[in-house]
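Peer 1: The structure's right below; bear with me while I get my questions together.
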Amino acid sequence: MVNNLVYASDHRQSDSLSPYASDLRVAVIIPCYNEERTIRQVIREFSEALPGAEIVVCDNNSSDRTSGTARSAGATVLFEPYQGKGNAVRRLFNDVDADVYVMIDGDATYDASAAPGMIARLMDERLAMINGARISEQEEAYRFGHKLGNRMLTGLVSAAFGNQFQDMLSGYRVMSRQFVKSFPALSNGFEIETELCVHALRLRLPSAEVGTVYRARPEGSTSKLNTFRDGFRILRIISRLVRDEKPLEFFSALGGLILLAALFLATPVAITYFETGTVPRFPTLIVSIGMVIISMLAFTIGLTLDTFSRGRTEARRLAFLAAANRK
């Protein structure tokens, strides 16, 4: 799926993040839940890859010693009482101030050495976000069920909003200050990655995707992602985003399905009428007429909401542009 991607490290391998990055404020933000076994390694690797960067961990009600381990490793620790990755990311976006944000999971599966190249490209090409697409030859790193679900969900987003990202659910991203400070962050859980991608696609923000090495979790560390539960939640958020961001297409499709069902029910009644001149099944006829009316209402609702959706999109784009001036 990602064989045609260029690795992040291929963009530039140097100690400098960019020709004008001497005073660049970089923040590595890490939403965490029960990552005591891996968080120290993550902090060490990103401290070495990005010397001078602020590393901030958001502990999302961990029951182990994640926060203490992160603090002893040199990270700033925030706490988010509302459970869910989306809530932790929202807290990090709100409380951390920087020019560039590197968002990473705390499970030690992502390659820290790719970060300088991703930041360099973000700055050089003036991008809003770079997505780190996962590339791994280890089956235990990226299980088939997760990979298949990712492809299906990414395909749905591509069909609705555009084919910009091949690994929509990656937890590795580099983002500009404008992007972070104008992002609404409405999701509560793992759906946050989907919302980040759709935000970039809907506003047509300059974005890119690069291949990054994806490793298996260290022994003793377990994934918090449930393939079916979180997949269903992501599918639900995609449906909501399509409804909210493209209401004309959503309600037109819904109205079209209702209209087809109405025609299916009405066809036998019409055939009987033309053959005998009678309508023996009035309830079916009434239901069919009602469904036609509902399909017309669905189209009207979509047309009306599309006007509001365009207004919201314009407001978010203005917020994105205004964020550049709020330092």
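Residues in the structure tokens are named by chain (A, B, ... in the order shown) and by number from 1 within that chain; ligands are numbered from 1 in the order shown.
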Would you give me, as a PyMOL selection string, the residues in stretch 110-291 of chain A that DSSP reads as helix (DSSP H, G or I)?
Peer 2: chain A and resi 112-124+144-161+177-182+192-202+227-245+247-276+282-291
Peer 1: Just want the 7 Å neighbourhood of A:Ala108, counted on only C-alpha atoms, with same-chain residues fewer than 2 positions away dropped. Output as a PyMOL selection string.
Peer 2: chain A and resi 38+41-42+106+110+217
Peer 1: How would you write, as an MDAnalysis selection string, the set of residues in stretch 98-228 of chain A that DSSP gives as strand (DSSP E)?
Peer 2: chainID A and resid 100:103 129:135 173:176 207:213
Peer 1: Which residues come within 9 Å of A:Leu265, counting only C-alpha atoms, excluding same-chain residues fewer than 3 positions away, as a PyMOL selection string?
Peer 2: chain A and resi 260-262+268-269+284-285+287-288
Peer 1: So that each row is one residue of stretch 245-266 of chain A with an atom at most 12 Å from stretch 303-323 of chain A, can you give its shortest atom pair and the distance in Å to one decimal, using only C-alpha atoms, rows by chain and rising number, as a tab-separated table?
Peer 2:
residue	atom	partner	partner_atom	distance
A:Glu245	CA	A:Ser309	CA	5.9
A:Lys246	CA	A:Asp306	CA	6.7
A:Pro247	CA	A:Asp306	CA	5.5
A:Leu248	CA	A:Leu303	CA	5.3
A:Glu249	CA	A:Asp306	CA	8.9
A:Phe250	CA	A:Asp306	CA	10.0
A:Phe251	CA	A:Leu303	CA	8.4
A:Ser252	CA	A:Leu303	CA	8.6
A:Gly255	CA	A:Leu303	CA	11.8
Peer 1: Figure out the distance between atom CA of A:Ala160 and atom CA of A:Ala298, please, to one decimal in Å.
Peer 2: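 Straight-line distance from atom CA of A:Ala298 to atom CA of A:Ala160 works out to 18.8 Å.
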Peer 1: Would you tabulate, counting only C-alpha atoms, all residues of stretch 159-251 of chain A that have an atom at most 12 Å from an atom of stretch 26-31 of chain A, showing the closest pair of atoms and their distance in Å to one decimal, sorted by chain then ascending number, as a tab-separated table?
Peer 2:
residue	atom	partner	partner_atom	distance
A:Gly171	CA	A:Ile30	CA	9.7
A:Tyr172	CA	A:Ile30	CA	9.9
A:Arg173	CA	A:Val28	CA	10.0
A:Val174	CA	A:Val28	CA	9.1
A:Met175	CA	A:Ala27	CA	10.0
A:Ser176	CA	A:Val26	CA	9.7
A:Arg177	CA	A:Val26	CA	9.8
A:Val180	CA	A:Ile29	CA	11.6
A:Gly189	CA	A:Pro31	CA	11.0
A:Phe190	CA	A:Pro31	CA	10.9
A:Ile192	CA	A:Pro31	CA	11.5
Peer 1: Rank nothing, just name the residue among A:Gly290, A:Arg243, A:Gly162, A:Ile238 nearest to A:Leu203, using only C-alpha atoms.
Peer 2: A:Gly162
Peer 1: Near stretch 46-63 of chain A, counting only C-alpha atoms, which residues have an atom at most 8 Å away, once you skip same-chain residues fewer than 6 positions from it, shown as a PyMOL selection string?
Peer 2: chain A and resi 25-35+70+74-85+88-89+91-92+96+112-113+115-116
Peer 1: Please determine, counting only C-alpha atoms, which residue among A:Arg121, A:Arg236, A:Arg134, A:Arg215 has the shortest atom-to-atom distance to A:Val157.
Peer 2: A:Arg236
Peer 1: Have a look at atom CA of A:Thr212 and atom CA of A:Leu122 and let me know their distance in Å, one decimal.
Peer 2: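 Answer for the atom CA of A:Thr212 to atom CA of A:Leu122 separation: 15.1 Å.
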Peer 1: Just the number, please: distance in Å from atom CA of A:Gln178 to atom CA of A:Ser158, one decimal.
Peer 2: 23.7 Å
